[in-house]
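Colleague: If it helps, the file is called input.txt and holds compact mmCIF, C-alpha atoms:
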# COMPACT_ATOMS: atom_id res chain seq x y z
CA MET A 218 19.73 193.64 8.95
CA TRP A 219 18.82 197.07 7.59
CA ARG A 220 18.78 195.70 4.09
CA TRP A 221 16.38 192.99 5.21
CA PHE A 222 14.07 195.61 6.78
CA HIS A 223 14.17 197.49 3.55
CA LYS A 224 13.25 194.38 1.62
CA LEU A 225 10.44 193.65 4.06
CA GLY A 226 9.03 197.06 3.22
CA SER A 227 8.51 195.96 -0.37
CA PRO A 228 4.88 194.87 -0.83
CA LYS A 229 5.74 191.99 -3.13
CA TYR A 230 8.35 190.54 -0.76
CA PHE A 231 6.06 190.93 2.25
CA TYR A 232 3.16 189.28 0.43
CA THR A 233 5.26 186.27 -0.60
CA LEU A 234 6.99 185.86 2.77
CA ALA A 235 3.70 186.15 4.68
CA GLY A 236 2.13 183.56 2.38
CA ARG A 237 4.95 181.14 3.20
CA LEU A 238 4.78 181.77 6.96
CA ILE A 239 1.00 181.51 7.41
CA PRO A 240 0.68 177.67 7.19
CA TRP A 241 3.48 177.19 9.77
CA LEU A 242 2.10 179.78 12.14
CA GLY A 243 -1.38 178.35 11.71
CA GLY A 244 -0.12 174.85 12.53
CA ALA A 245 1.71 176.06 15.64
CA THR A 246 -1.40 178.00 16.72
CA SER A 247 -3.56 174.87 16.46
CA LEU A 248 -1.08 172.80 18.48
CA PHE A 249 -0.92 175.37 21.27
CA PHE A 250 -4.70 175.73 21.33
CA LEU A 251 -5.20 171.96 21.57
CA ALA A 252 -2.62 171.66 24.37
CA GLY A 253 -4.00 174.69 26.20
CA LEU A 254 -7.61 173.51 25.98
CA TYR A 255 -6.69 170.03 27.16
CA LEU A 256 -4.64 171.34 30.10
CA GLY A 257 -7.18 174.01 31.01
CA LEU A 258 -10.41 172.07 30.66
CA VAL A 259 -9.34 168.53 31.59
CA VAL A 260 -6.07 168.46 33.54
CA ALA A 261 -6.32 171.59 35.75
CA PRO A 262 -8.22 170.94 38.99
CA PRO A 263 -11.38 172.90 39.93
CA ASP A 264 -10.78 176.02 42.02
CA TYR A 265 -11.47 175.64 45.75
CA GLN A 266 -13.64 178.78 45.78
CA GLN A 267 -14.95 179.18 42.24
CA GLY A 268 -15.34 175.52 41.22
CA ASP A 269 -15.18 175.01 37.47
CA SER A 270 -16.35 178.54 36.58
CA TYR A 271 -12.77 179.81 36.82
CA ARG A 272 -11.94 177.89 33.61
CA ILE A 273 -13.32 180.92 31.76
CA MET A 274 -10.04 182.54 32.84
CA PHE A 275 -8.13 180.54 30.22
CA ILE A 276 -9.77 182.57 27.46
CA HIS A 277 -10.70 185.70 29.39
CA VAL A 278 -7.19 186.60 30.57
CA PRO A 279 -5.35 185.91 27.27
CA SER A 280 -8.03 187.91 25.40
CA ALA A 281 -7.60 190.83 27.78
CA TRP A 282 -3.80 190.68 27.51
CA MET A 283 -4.02 190.56 23.74
CA SER A 284 -6.50 193.45 23.61
CA MET A 285 -3.82 195.65 25.18
CA LEU A 286 -0.82 194.15 23.37
CA VAL A 287 -2.45 194.51 19.95
CA TYR A 288 -3.41 198.11 20.70
CA THR A 289 0.15 198.93 21.74
CA LEU A 290 1.53 197.37 18.55
CA MET A 291 -1.07 199.23 16.50
CA ALA A 292 0.02 202.53 18.06
CA PHE A 293 3.66 201.62 17.42
CA TRP A 294 2.95 201.07 13.73
CA GLY A 295 1.01 204.32 13.80
CA LEU A 296 4.18 206.03 14.94
CA VAL A 297 6.15 204.37 12.13
CA VAL A 298 3.50 205.57 9.67
CA LEU A 299 3.69 209.15 10.90
CA VAL A 300 7.48 209.33 11.02
CA TRP A 301 8.63 207.21 8.08
CA ARG A 302 5.43 206.73 6.04
CA VAL A 303 6.08 203.03 5.58
CA LYS A 304 3.29 201.42 3.58
CA ILE A 305 3.61 198.04 5.29
CA ALA A 306 3.18 199.74 8.69
CA GLU A 307 -0.08 201.27 7.43
CA VAL A 308 -1.28 197.83 6.42
CA LEU A 309 -0.21 196.21 9.72
CA ALA A 310 -2.00 198.86 11.78
CA SER A 311 -5.13 198.58 9.67
CA ALA A 312 -5.08 194.76 9.87
CA SER A 313 -4.61 194.82 13.65
CA ALA A 314 -7.71 196.88 14.43
CA PRO A 315 -10.40 194.23 13.77
CA ILE A 316 -8.36 191.53 15.55
CA GLY A 317 -7.78 193.79 18.54
CA ALA A 318 -11.46 194.71 18.62
CA SER A 319 -12.31 190.99 18.59
CA PHE A 320 -10.00 190.29 21.55
CA THR A 321 -11.47 193.24 23.46
CA PHE A 322 -15.00 192.06 22.75
CA LEU A 323 -14.07 188.55 23.94
CA ALA A 324 -12.44 189.89 27.11
CA LEU A 325 -15.61 191.85 27.92
CA ALA A 326 -18.06 189.10 26.96
CA THR A 327 -16.25 186.25 28.72
CA GLY A 328 -15.74 188.54 31.72
CA SER A 329 -19.47 189.09 31.78
CA LEU A 330 -20.10 185.33 31.63
CA TRP A 331 -17.69 184.89 34.53
CA GLY A 332 -19.01 187.86 36.49
CA LYS A 333 -22.61 186.70 36.50
CA PRO A 334 -22.05 183.50 38.54
CA MET A 335 -19.25 184.97 40.70
CA TRP A 336 -20.30 188.58 41.36
CA GLY A 337 -24.00 188.16 40.64
CA ALA A 338 -23.98 190.78 37.88
CA TRP A 339 -23.33 190.69 34.13
CA TRP A 340 -21.85 194.18 34.25
CA VAL A 341 -20.71 196.72 36.82
CA TRP A 342 -19.33 200.21 36.14
CA ASP A 343 -16.02 199.30 37.66
CA ALA A 344 -12.82 201.07 36.57
CA ARG A 345 -11.29 197.97 34.96
CA LEU A 346 -14.44 197.10 33.00
CA THR A 347 -15.10 200.69 31.96
CA SER A 348 -11.56 201.32 30.72
CA GLU A 349 -11.67 198.06 28.75
CA LEU A 350 -14.98 199.17 27.21
CA ILE A 351 -13.30 202.44 26.22
CA LEU A 352 -10.60 200.35 24.53
CA LEU A 353 -13.31 198.66 22.44
CA PHE A 354 -14.61 202.09 21.41
CA LEU A 355 -11.07 203.16 20.48
CA TYR A 356 -10.74 200.16 18.17
CA LEU A 357 -14.18 200.79 16.66
CA GLY A 358 -13.36 204.48 16.28
CA PHE A 359 -10.14 203.57 14.47
CA MET A 360 -12.07 201.35 12.05
CA ALA A 361 -14.83 203.92 11.51
CA LEU A 362 -12.34 206.73 10.84
CA GLU A 363 -10.44 204.53 8.42
CA ALA A 364 -13.63 203.65 6.55
CA ALA A 365 -14.69 207.31 6.39
CA ILE A 366 -11.61 208.55 4.51
CA GLU A 367 -11.38 207.71 0.83
CA ASP A 368 -7.62 208.03 0.30
CA ARG A 369 -5.80 205.12 1.99
CA ARG A 370 -2.67 207.05 2.87
CA THR A 371 -4.53 210.00 4.38
CA ALA A 372 -6.70 207.54 6.30
CA ALA A 373 -3.58 205.82 7.64
CA ARG A 374 -2.18 209.08 8.96
CA ALA A 375 -5.44 210.09 10.62
CA THR A 376 -5.95 206.69 12.26
CA SER A 377 -2.32 206.67 13.43
CA VAL A 378 -2.90 209.89 15.35
CA LEU A 379 -6.04 208.39 16.91
CA ALA A 380 -4.16 205.21 17.87
CA LEU A 381 -1.35 207.18 19.52
CA VAL A 382 -3.71 209.43 21.47
CA GLY A 383 -5.69 206.42 22.65
CA LEU A 384 -2.53 204.77 23.94
CA VAL A 385 -3.00 206.69 27.19
CA ASN A 386 -5.83 204.26 28.00
CA ILE A 387 -3.50 201.22 28.15
CA PRO A 388 -1.74 202.06 31.46
CA ILE A 389 -5.13 203.16 32.82
CA ILE A 390 -6.52 199.67 32.13
CA HIS A 391 -3.50 198.01 33.68
CA TYR A 392 -3.35 200.12 36.84
CA SER A 393 -7.12 200.60 37.24
CA VAL A 394 -7.25 197.81 39.80
CA TYR A 395 -4.72 199.68 41.96
CA TRP A 396 -5.86 203.26 41.44
CA TRP A 397 -9.53 202.64 42.13
CA ASN A 398 -11.46 200.34 44.39
CA THR A 399 -12.55 197.81 41.87
CA LEU A 400 -14.72 194.73 42.05
CA HIS A 401 -12.34 193.24 39.50
CA GLN A 402 -9.49 191.40 41.20
CA GLY A 403 -5.91 192.64 41.07
CA ALA A 404 -3.11 191.21 38.97
CA THR A 405 -2.15 187.65 39.82
CA VAL A 406 0.43 186.78 37.17
CA THR A 407 2.22 190.03 36.34
CA LYS A 408 3.11 190.92 39.90
CA LEU A 409 6.65 191.78 40.86
CA ASP A 410 6.83 189.10 43.55
CA GLN A 411 5.72 185.55 42.89
CA PRO A 412 2.49 185.07 40.96
CA SER A 413 -0.35 184.08 43.30
CA ILE A 414 -1.67 181.29 41.12
CA HIS A 415 -0.90 177.59 41.35
CA LEU A 416 1.28 176.03 38.65
CA SER A 417 -1.50 173.62 37.61
CA MET A 418 -3.50 176.70 36.55
CA LEU A 419 -0.62 178.94 35.52
CA ILE A 420 0.76 176.52 32.92
CA PRO A 421 -2.51 176.15 30.94
CA LEU A 422 -2.94 179.93 31.17
CA LEU A 423 0.50 180.58 29.69
CA VAL A 424 0.00 177.95 26.98
CA MET A 425 -3.30 179.59 26.04
CA ALA A 426 -1.62 183.01 26.07
CA LEU A 427 0.99 181.71 23.61
CA ALA A 428 -1.77 180.21 21.47
CA PHE A 429 -3.49 183.62 21.36
CA GLN A 430 -0.24 185.35 20.39
CA LEU A 431 0.42 182.88 17.59
CA TYR A 432 -3.19 183.21 16.47
CA TYR A 433 -2.77 186.98 16.32
CA LEU A 434 0.38 186.65 14.20
CA THR A 435 -1.37 184.25 11.82
CA VAL A 436 -4.46 186.42 11.36
CA LEU A 437 -2.36 189.58 11.22
CA LEU A 438 -0.40 188.20 8.26
CA MET A 439 -3.59 186.93 6.57
CA ARG A 440 -5.34 190.28 6.96
CA SER A 441 -2.26 192.30 5.96
CA ARG A 442 -1.80 190.20 2.85
CA THR A 443 -5.40 190.73 1.82
CA GLU A 444 -5.23 194.45 2.58
CA LEU A 445 -2.02 194.77 0.57
CA LEU A 446 -3.63 193.00 -2.38
CA ALA A 447 -6.59 195.39 -2.25
CA ARG A 448 -4.37 198.47 -2.18
CA GLU A 449 -1.95 197.27 -4.83
CA ARG A 450 -4.43 195.68 -7.20
CA ARG A 451 -3.13 197.74 -10.14
CA ALA A 452 0.55 197.22 -9.32
CA SER A 453 2.69 195.26 -11.76
CA TRP A 454 3.68 192.57 -9.22
CA VAL A 455 0.00 191.81 -8.53
CA ILE A 456 -0.79 191.62 -12.23
CA GLU A 457 2.13 189.29 -12.86
CA MET A 458 1.13 187.10 -9.94
CA VAL A 459 -2.49 186.81 -11.05
CA GLN A 460 -1.44 186.03 -14.64
CA GLU A 461 0.80 183.22 -13.44
CA ARG A 462 -1.99 181.51 -11.53
CA MET B 149 -14.18 161.83 35.31
CA SER B 150 -17.07 160.91 33.00
CA LEU B 151 -18.05 162.82 29.90
CA GLY B 152 -21.28 163.89 31.60
CA GLU B 153 -19.37 165.35 34.52
CA PHE B 154 -17.00 167.11 32.15
CA LEU B 155 -19.87 168.71 30.23
CA HIS B 156 -21.61 169.65 33.47
CA MET B 157 -18.61 171.79 34.58
CA GLY B 158 -19.59 171.57 38.24
CA GLY B 159 -22.88 173.34 37.53
CA TYR B 160 -21.33 176.18 35.52
CA ALA B 161 -21.88 174.52 32.14
CA PHE B 162 -23.86 177.44 30.69
CA TYR B 163 -21.25 180.08 31.57
CA VAL B 164 -18.15 178.04 30.73
CA TRP B 165 -19.41 176.64 27.42
CA SER B 166 -20.94 179.95 26.32
CA ALA B 167 -17.58 181.64 26.89
CA TYR B 168 -15.65 178.97 24.96
CA GLY B 169 -18.28 178.82 22.20
CA LEU B 170 -18.23 182.57 21.76
CA ALA B 171 -14.43 182.59 21.57
CA LEU B 172 -14.55 179.86 18.92
CA VAL B 173 -17.04 181.80 16.78
CA VAL B 174 -15.18 185.13 17.01
CA LEU B 175 -11.75 183.60 16.35
CA ALA B 176 -13.08 181.52 13.44
CA LEU B 177 -14.71 184.58 11.82
CA ASN B 178 -11.38 186.41 11.97
CA LEU B 179 -9.84 183.58 9.97
CA THR B 180 -12.54 183.14 7.33
CA GLN B 181 -13.06 186.86 6.67
CA PRO B 182 -9.61 187.68 5.21
CA TRP B 183 -9.47 184.30 3.49
CA ARG B 184 -12.74 184.92 1.64
CA ARG B 185 -11.92 188.55 0.87
CA ARG B 186 -8.61 187.52 -0.67
CA ARG B 187 -10.31 184.98 -2.92
CA VAL B 188 -12.86 187.57 -4.09
CA LEU B 189 -10.09 190.11 -4.73
CA LEU B 190 -8.01 187.69 -6.79
CA ARG B 191 -11.10 186.83 -8.85
CA GLU B 192 -11.86 190.53 -9.39
CA ILE B 193 -8.31 191.30 -10.48
CA ALA B 194 -8.34 188.36 -12.90
CA ALA B 195 -11.66 189.55 -14.38
CA TRP B 196 -10.31 193.10 -14.76
CA LEU B 197 -7.22 191.77 -16.55
CA ARG B 198 -9.36 189.73 -18.94
CA GLU B 199 -11.43 192.77 -19.80
CA GLU B 200 -8.30 194.88 -20.34
CA ARG B 201 -7.00 192.31 -22.77
CA GLU B 202 -10.26 192.11 -24.72
CA ASN B 203 -11.01 195.86 -24.88
CA PRO B 204 -7.68 197.64 -24.52
Let me see the structure of the file written as structure tokens.

Modeller:
Amino acid sequence: MWRWFHKLGSPKYFYTLAGRLIPWLGGATSLFFLAGLYLGLVVAPPDYQQGDSYRIMFIHVPSAWMSMLVYTLMAFWGLVVLVWRVKIAEVLASASAPIGASFTFLALATGSLWGKPMWGAWWVWDARLTSELILLFLYLGFMALEAAIEDRRTAARATSVLALVGLVNIPIIHYSVYWWNTLHQGATVTKLDQPSIHLSMLIPLLVMALAFQLYYLTVLLMRSRTELLARERRASWVIEMVQER
Amino acid sequence: MSLGEFLHMGGYAFYVWSAYGLALVVLALNLTQPWRRRRVLLREIAAWLREERENP
């Protein structure tokens, strides 16, 4: 196990393994997306209060979940960077930022498109919405800081600190609906007792959530591979690989 | 359910389809961006190697 981790830390091994995994992950992502879209848009019945507008949930909720999950993973790799200085962890954190920012943007934008017909407003300064907007700024700040520092390894250490400090925002987002009086509804799936959502809507939601997770893995590997290639462009394994093509 | 009804989304067509369309665009861009960057990088590295060989 430890030996395998060690091997995974080698850029060449990671690049090759990721290249082999990407087509499979991409295929699985497509299957889950097709199933999720079919179940969510066609099979699931309209909501008795919100009609068909609630179908936005099938992308809004997975995007919001992913925005927090990706940030947490990014901070975890940040910790690995600071403690062990693993190059692959630097690459994974750096590759996660634009994907996480995309999920956060989607959570905010689709929330807005859902809020307009249901609440009558595109945006309200509610605790849930505001803390999610702060998350978007954290991602953008990470990317800006990374772009501002010339040396990749120094940049990785600086952005890791930022990611870890920003982690405090994640529980704030999650508990915002309990701590403050929010217009945003409370949790329906991740409650300790039974989820207050019917199975015909829960199943498409979970299938879409899986599709989003697989999508993240696929794009994470694609981005990490590219980032690794950019950093190691003068390394002997890259030169050998390009010569063989 | 007819196709027309499906597209109508019970009167919420604009909101539902905008949300799904936006998601499609953002997720697709995240796929094409690293793919294109990798192709450009590989081409650059190959060009650099050629130059190294010609003018060592």

Colleague: Give me the residues near B:Arg185 as a list in words, where near means some atom within 10 Å (using all atoms listed in the file) and where sequence neighbours in that chain fewer than 5 positions away do not count.

Modeller: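 Listing them by chain and then by number gives Arg440, Thr443, Glu444, Leu446 and Ala447 of chain A; Thr180, Leu190 and Arg191 of chain B.
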
Colleague: Counting only C-alpha atoms, I want the residues whose atoms come within 12 Å of (-11.6, 203.3, 4.6) in the file frame, returned as a count of residues only.

Modeller: 25

Colleague: What is the distance, in Å and to one decimal place, between atom CA of A:Ser247 and atom CA of A:Pro421?

Modeller: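 Spanning atom CA of A:Ser247 to atom CA of A:Pro421 is a straight-line distance of 14.6 Å.
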
Colleague: Any idea which chain B residues end up within 6 Å of chain A if we count all atoms listed in the file, as a PyMOL selection string please?

Modeller: chain B and resi 157-158+160+163-164+167+182+186

Colleague: So that I can see what lies close to A:Ile420, please list as a list in words the residues with an atom at most 10 Å from it, counting all atoms listed in the file and leaving out residues fewer than 3 positions away in the same chain.

Modeller: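 The neighbour list is Gly253, Leu256, Gly257, Ala261, Ile414, His415, Leu416, Ser417, Leu423, Val424, Met425 and Ala426 of chain A.
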
Colleague: What is the atom CA of A:Leu296-atom CA of A:Ala452 distance in Å, reported with one decimal?

Modeller: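 Taking atom CA of A:Leu296 as the start and atom CA of A:Ala452 as the end point, the length is 26.1 Å.
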
Colleague: Restricting the calculation to only C-alpha atoms: of A:Glu449, A:Leu431, A:Ser313, A:Leu290, which residue gets closest to A:Leu238?

Modeller: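 Among the listed residues, A:Leu431 lies closest to A:Leu238.
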
Colleague: To one decimal in Å, tell me the separation between atom CA of A:Ile390 and atom CA of A:Glu349.

Modeller: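 Going from atom CA of A:Ile390 over to atom CA of A:Glu349 covers 6.4 Å.
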
Colleague: Kindly indicate which residue among A:Pro262, A:Leu309, A:Glu461, A:Tyr255 lies nearest to B:Ala194, using all atoms listed in the file for the distances.

Modeller: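 Residue with the minimum atom-to-atom distance to B:Ala194: A:Glu461.
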